[in-house]
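Okay, structure.txt now, which holds compact mmCIF, C-alpha atoms:
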# COMPACT_ATOMS: atom_id res chain seq x y z
CA MET A 1 0.00 0.00 0.00
CA LYS A 2 1.24 3.45 -0.91
CA LEU A 3 1.70 5.38 2.33
CA PRO A 4 2.08 9.12 2.95
CA GLY A 5 5.36 10.47 4.24
CA HIS A 6 3.70 13.23 6.27
CA VAL A 7 0.25 13.02 7.87
CA GLY A 8 -1.58 16.05 9.23
CA ILE A 9 -4.42 15.57 11.72
CA ILE A 10 -7.24 17.89 12.74
CA PRO A 11 -8.72 15.92 15.68
CA ASP A 12 -12.21 17.42 15.78
CA GLY A 13 -15.28 16.28 17.70
CA ASN A 14 -14.21 15.96 21.33
CA ARG A 15 -16.96 18.22 22.67
CA ARG A 16 -19.69 16.54 20.61
CA TRP A 17 -18.42 13.16 21.80
CA ALA A 18 -18.76 14.33 25.40
CA SER A 19 -22.29 15.62 24.78
CA ARG A 20 -23.46 12.41 23.09
CA ARG A 21 -21.98 10.23 25.80
CA GLY A 22 -23.14 12.37 28.67
CA VAL A 23 -19.62 12.76 30.07
CA GLY A 24 -17.58 15.78 31.08
CA LEU A 25 -15.25 17.68 28.80
CA GLY A 26 -12.27 16.58 30.88
CA GLU A 27 -12.99 12.93 30.13
CA ALA A 28 -13.50 13.67 26.45
CA TYR A 29 -10.24 15.58 26.08
CA GLU A 30 -8.36 12.90 28.02
CA MET A 31 -9.76 10.26 25.68
CA GLY A 32 -8.83 12.42 22.69
CA TYR A 33 -5.27 12.71 23.98
CA ARG A 34 -5.00 8.94 24.43
CA ARG A 35 -6.34 8.47 20.90
CA LEU A 36 -3.71 10.87 19.62
CA ARG A 37 -0.90 8.94 21.30
CA GLU A 38 -2.22 5.69 19.81
CA THR A 39 -2.52 7.21 16.34
CA VAL A 40 0.98 8.67 16.32
CA GLU A 41 2.37 5.37 17.56
CA GLU A 42 0.59 3.44 14.81
CA LEU A 43 1.73 5.86 12.10
CA ASN A 44 5.34 5.59 13.28
CA ARG A 45 5.03 1.81 13.40
CA LEU A 46 3.95 1.87 9.76
CA GLY A 47 7.03 3.89 8.85
CA ILE A 48 5.33 7.28 8.59
CA ARG A 49 7.93 9.48 10.22
CA ASN A 50 6.33 12.93 10.03
CA VAL A 51 3.07 13.72 11.82
CA SER A 52 1.51 17.14 12.45
CA VAL A 53 -1.38 17.68 14.85
CA TYR A 54 -3.71 20.64 15.33
CA ALA A 55 -3.85 20.62 19.11
CA MET A 56 -5.52 24.05 19.43
CA SER A 57 -6.15 26.82 16.93
CA ARG A 58 -5.37 30.40 17.80
CA ASP A 59 -9.11 31.09 17.87
CA ASN A 60 -9.53 28.22 20.36
CA CYS A 61 -6.99 29.87 22.64
CA VAL A 62 -8.71 33.24 22.41
CA LYS A 63 -12.40 32.37 22.31
CA ARG A 64 -12.95 29.29 24.47
CA GLY A 65 -14.31 29.76 27.99
CA MET A 66 -11.94 29.93 30.95
CA ARG A 67 -13.12 26.64 32.45
CA GLU A 68 -12.57 24.73 29.23
CA LEU A 69 -9.22 26.40 28.65
CA ALA A 70 -8.10 25.39 32.14
CA LEU A 71 -8.83 21.74 31.25
CA LEU A 72 -6.92 22.06 28.00
CA HIS A 73 -3.97 23.82 29.61
CA ASN A 74 -3.62 21.16 32.30
CA LEU A 75 -3.81 18.42 29.70
CA ALA A 76 -1.23 20.16 27.51
CA SER A 77 1.25 20.43 30.39
CA LYS A 78 0.81 16.74 31.14
CA ALA A 79 1.10 15.81 27.47
CA PHE A 80 4.37 17.67 26.97
CA ARG A 81 5.91 16.02 30.03
CA GLU A 82 4.86 12.57 28.84
CA LEU A 83 5.94 13.13 25.25
CA ARG A 84 9.47 14.19 26.11
CA GLU A 85 9.85 11.18 28.42
CA ASP A 86 8.24 8.73 25.98
CA LYS A 87 10.66 5.84 25.44
CA ARG A 88 9.13 4.84 22.12
CA LEU A 89 9.52 8.34 20.66
CA ARG A 90 13.08 8.42 21.97
CA ASP A 91 13.87 5.03 20.42
CA GLU A 92 12.28 6.12 17.13
CA ASP A 93 14.38 9.32 17.28
CA ILE A 94 11.30 11.54 16.82
CA ARG A 95 11.81 15.25 17.31
CA ILE A 96 8.95 17.31 18.77
CA GLN A 97 8.33 20.80 17.49
CA VAL A 98 5.69 23.22 18.78
CA LEU A 99 4.40 26.03 16.59
CA GLY A 100 1.94 28.76 17.50
CA ASP A 101 1.36 31.90 19.52
CA LEU A 102 2.58 30.52 22.83
CA GLU A 103 2.18 33.91 24.49
CA LEU A 104 -1.52 33.05 24.74
CA LEU A 105 -0.71 30.16 27.07
CA PRO A 106 -0.04 30.15 30.81
CA VAL A 107 3.62 30.25 31.83
CA GLU A 108 3.59 26.62 32.99
CA VAL A 109 2.34 25.33 29.63
CA ARG A 110 4.93 27.39 27.74
CA ARG A 111 7.65 26.09 30.03
CA GLU A 112 6.69 22.45 29.47
CA ALA A 113 6.39 22.98 25.71
CA LEU A 114 9.82 24.59 25.40
CA LYS A 115 11.45 21.96 27.64
CA THR A 116 10.04 19.27 25.36
CA VAL A 117 11.29 21.01 22.23
CA ARG A 118 14.79 21.42 23.71
CA ALA A 119 14.93 17.86 25.03
CA THR A 120 14.20 16.38 21.60
CA SER A 121 15.92 18.93 19.36
CA SER A 122 18.87 16.69 18.45
CA ARG A 123 16.71 13.86 17.14
CA GLY A 124 16.66 13.25 13.40
CA GLY A 125 14.47 10.22 12.78
CA GLY A 126 11.21 12.06 12.24
CA LEU A 127 8.99 14.89 13.41
CA LEU A 128 5.94 15.31 15.61
CA LEU A 129 4.74 18.87 15.01
CA ILE A 130 2.19 20.18 17.49
CA ALA A 131 0.30 23.27 16.31
CA LEU A 132 -0.83 25.05 19.47
CA CYS A 133 -2.63 28.42 19.48
CA TYR A 134 -1.78 28.37 15.76
CA SER A 135 -3.16 29.87 12.58
CA GLY A 136 -1.57 30.12 9.18
CA ARG A 137 -2.16 33.87 9.02
CA TRP A 138 -0.49 34.31 12.41
CA GLU A 139 2.56 32.31 11.29
CA VAL A 140 3.08 34.33 8.13
CA GLU A 141 2.49 37.72 9.76
CA TYR A 142 4.53 36.97 12.88
CA TYR A 143 7.66 35.69 11.17
CA THR A 144 7.72 37.89 8.06
CA SER A 145 7.21 41.05 10.15
CA ARG A 146 10.45 40.11 11.94
CA GLY A 147 12.33 39.39 8.74
CA LEU A 148 12.19 35.64 9.36
CA THR A 149 11.07 32.74 7.20
CA PRO A 150 7.88 31.01 8.38
CA PRO A 151 9.05 27.73 10.01
CA THR A 152 6.73 25.47 8.04
CA LEU A 153 8.51 26.41 4.79
CA SER A 154 11.44 24.28 5.96
CA LEU A 155 9.28 21.21 6.60
CA PRO A 156 8.13 18.48 4.20
CA GLY A 157 4.68 19.03 2.74
CA VAL A 158 1.70 17.18 4.16
CA ASP A 159 0.70 14.26 1.94
CA LEU A 160 -2.48 13.27 3.78
CA LEU A 161 -4.67 15.53 5.89
CA ILE A 162 -7.18 13.75 8.13
CA ARG A 163 -10.00 15.73 9.69
CA THR A 164 -12.50 13.98 11.93
CA GLY A 165 -15.87 15.26 13.14
CA GLY A 166 -17.61 15.90 9.81
CA TYR A 167 -16.47 19.43 8.91
CA ARG A 168 -14.79 19.82 5.54
CA ARG A 169 -12.35 22.69 6.00
CA ILE A 170 -8.73 23.17 7.08
CA SER A 171 -9.42 25.92 9.66
CA SER A 172 -6.08 27.61 8.95
CA PHE A 173 -4.05 24.47 9.76
CA LEU A 174 -0.58 24.58 8.15
CA PRO A 175 -1.72 26.12 4.85
CA LEU A 176 1.86 26.41 3.58
CA LEU A 177 2.23 22.62 3.85
CA LEU A 178 -1.10 21.62 2.29
CA GLU A 179 -0.34 22.60 -1.32
CA TYR A 180 -0.70 19.06 -2.64
CA ALA A 181 -2.23 17.29 0.35
CA GLU A 182 -4.94 14.73 -0.16
CA MET A 183 -7.78 15.63 2.23
CA TYR A 184 -9.67 12.91 4.02
CA PHE A 185 -12.80 13.96 5.91
CA THR A 186 -14.77 11.63 8.14
CA THR A 187 -17.83 12.07 10.35
CA THR A 188 -16.19 9.91 13.02
CA LEU A 189 -15.62 11.95 16.16
CA TRP A 190 -11.98 12.10 17.22
CA PRO A 191 -12.21 9.97 20.41
CA ASP A 192 -13.72 7.18 18.24
CA PHE A 193 -10.98 7.38 15.59
CA ASP A 194 -9.29 4.04 16.25
CA LYS A 195 -6.81 1.95 14.26
CA GLU A 196 -9.58 0.66 12.01
CA GLU A 197 -10.58 4.22 11.11
CA LEU A 198 -6.94 5.12 10.51
CA ALA A 199 -6.58 2.13 8.20
CA LYS A 200 -9.57 3.40 6.18
CA ALA A 201 -7.93 6.80 5.79
CA LEU A 202 -4.62 5.28 4.69
CA GLY A 203 -6.40 2.94 2.30
CA TRP A 204 -8.25 5.88 0.78
CA PHE A 205 -4.96 7.77 0.37
CA SER A 206 -3.34 4.78 -1.32
CA ALA A 207 -6.06 4.78 -3.98
CA GLN A 208 -5.57 8.44 -4.93
CA GLN A 209 -3.82 9.40 -8.14
CA ARG A 210 -1.43 12.21 -7.28
CA LYS A 211 -0.27 14.35 -10.21
CA PHE A 212 1.41 17.33 -8.47
CA GLY A 213 0.36 19.70 -11.25
CA LYS A 214 1.52 17.46 -14.10

Could you render the structure from this file as structure tokens?
Amino acid sequence: MKLPGHVGIIPDGNRRWASRRGVGLGEAYEMGYRRLRETVEELNRLGIRNVSVYAMSRDNCVKRGMRELALLHNLASKAFRELREDKRLRDEDIRIQVLGDLELLPVEVRREALKTVRATSSRGGGLLLIALCYSGRWEVEYYTSRGLTPPTLSLPGVDLLIRTGGYRRISSFLPLLLEYAEMYFTTTLWPDFDKEELAKALGWFSAQQRKFGK
């Protein structure tokens, strides 16, 4: 099966999953985080070395309520600690990069994010890019206004974009990397996106005829 070299994920549907199941947002986001760890592990196992995840958009960080943001901030701090200590990621030599307007985050979350980036910076076997408080417009405006090149221009393009939850849009996720991405949309809510659902997405990608403008 033809596999993508770089998979982008927009893990949408956590709040709807909580509502349908009658559980709290904390449980839903925790389940979504576990599903993300499983998905990244499976992609790496299959030899897909570059994975990018839309953890939170910039609008999420600005517009969500304080109670929900507190849940997300606590989960993010925990996630960064676990990711930098993850033996499998270390053995696979996966570097972790965080991109977004981190000034919108509490000091503790920023600290954990930067510690994780530094701790994995020397790895060269692959990339786990976490877009946090991110938007494509922000990236371009922030870096070009300082005379810098937007970081995503130095990264390999996304081959397959997966968005769960039923919406068919990119929501400003890594637009500079999506030039020739195949876009797979599913109504499956993110906490229900298991290995079987991932296999469907990869199977769909394998069947696509990619011409790259030819």

>> When you look at Met56 of chain A with a cut-off of 9 Å (counting all atoms listed in the file), what residues show up, excluding the ones that are within fewer than 4 positions of it in the same chain? I need them as a PyMOL selection string.
In response: chain A and resi 60-61+72+130-134

> Between A:Val62, A:Leu178, A:Met183, A:Leu83, which is the closest to Arg34 of chain A once you count only C-alpha atoms?
Replying inline: A:Leu83

Taking (-1.8, 9.8, 7.3) in the coordinates of the supplied file, I want to know which residues reach to within 8 Å of it, counting all atoms listed in the file; could you give the answer as a PDB file with C-alpha atoms, in the frame of the given file?
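What ended up in result_14.pdb:
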ATOM      1  CA  LEU A   3       1.700   5.380   2.330  1.00  0.00           C
ATOM      2  CA  PRO A   4       2.080   9.120   2.950  1.00  0.00           C
ATOM      3  CA  GLY A   5       5.360  10.470   4.240  1.00  0.00           C
ATOM      4  CA  HIS A   6       3.700  13.230   6.270  1.00  0.00           C
ATOM      5  CA  VAL A   7       0.250  13.020   7.870  1.00  0.00           C
ATOM      6  CA  GLY A   8      -1.580  16.050   9.230  1.00  0.00           C
ATOM      7  CA  ILE A   9      -4.420  15.570  11.720  1.00  0.00           C
ATOM      8  CA  LEU A  43       1.730   5.860  12.100  1.00  0.00           C
ATOM      9  CA  ILE A  48       5.330   7.280   8.590  1.00  0.00           C
ATOM     10  CA  VAL A  51       3.070  13.720  11.820  1.00  0.00           C
ATOM     11  CA  ASP A 159       0.700  14.260   1.940  1.00  0.00           C
ATOM     12  CA  LEU A 160      -2.480  13.270   3.780  1.00  0.00           C
ATOM     13  CA  LEU A 161      -4.670  15.530   5.890  1.00  0.00           C
ATOM     14  CA  ILE A 162      -7.180  13.750   8.130  1.00  0.00           C
ATOM     15  CA  LEU A 198      -6.940   5.120  10.510  1.00  0.00           C
ATOM     16  CA  ALA A 201      -7.930   6.800   5.790  1.00  0.00           C
ATOM     17  CA  LEU A 202      -4.620   5.280   4.690  1.00  0.00           C
ATOM     18  CA  PHE A 205      -4.960   7.770   0.370  1.00  0.00           C
TER      19      PHE A 205
END

> Neighbours of Ala207 of chain A within 9 Å (only C-alpha atoms; same-chain residues fewer than 3 positions away dropped), as number ranges by chain?
Replying inline: A: 1-2, 202-204

>> To one decimal place in Å, what is the distance between atom CA of Gly136 of chain A and atom CA of Phe212 of chain A?
In response: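 So the two atoms, atom CA of Gly136 of chain A and atom CA of Phe212 of chain A, lie 22.0 Å apart.
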
>> For Pro151 of chain A, find every residue with an atom within 12 Å (counting only C-alpha atoms), except residues of its own chain fewer than 6 positions away, and show them as a ChimeraX atom specification.
In response: /A:97-100,129,131,136,138-144,174,176-177
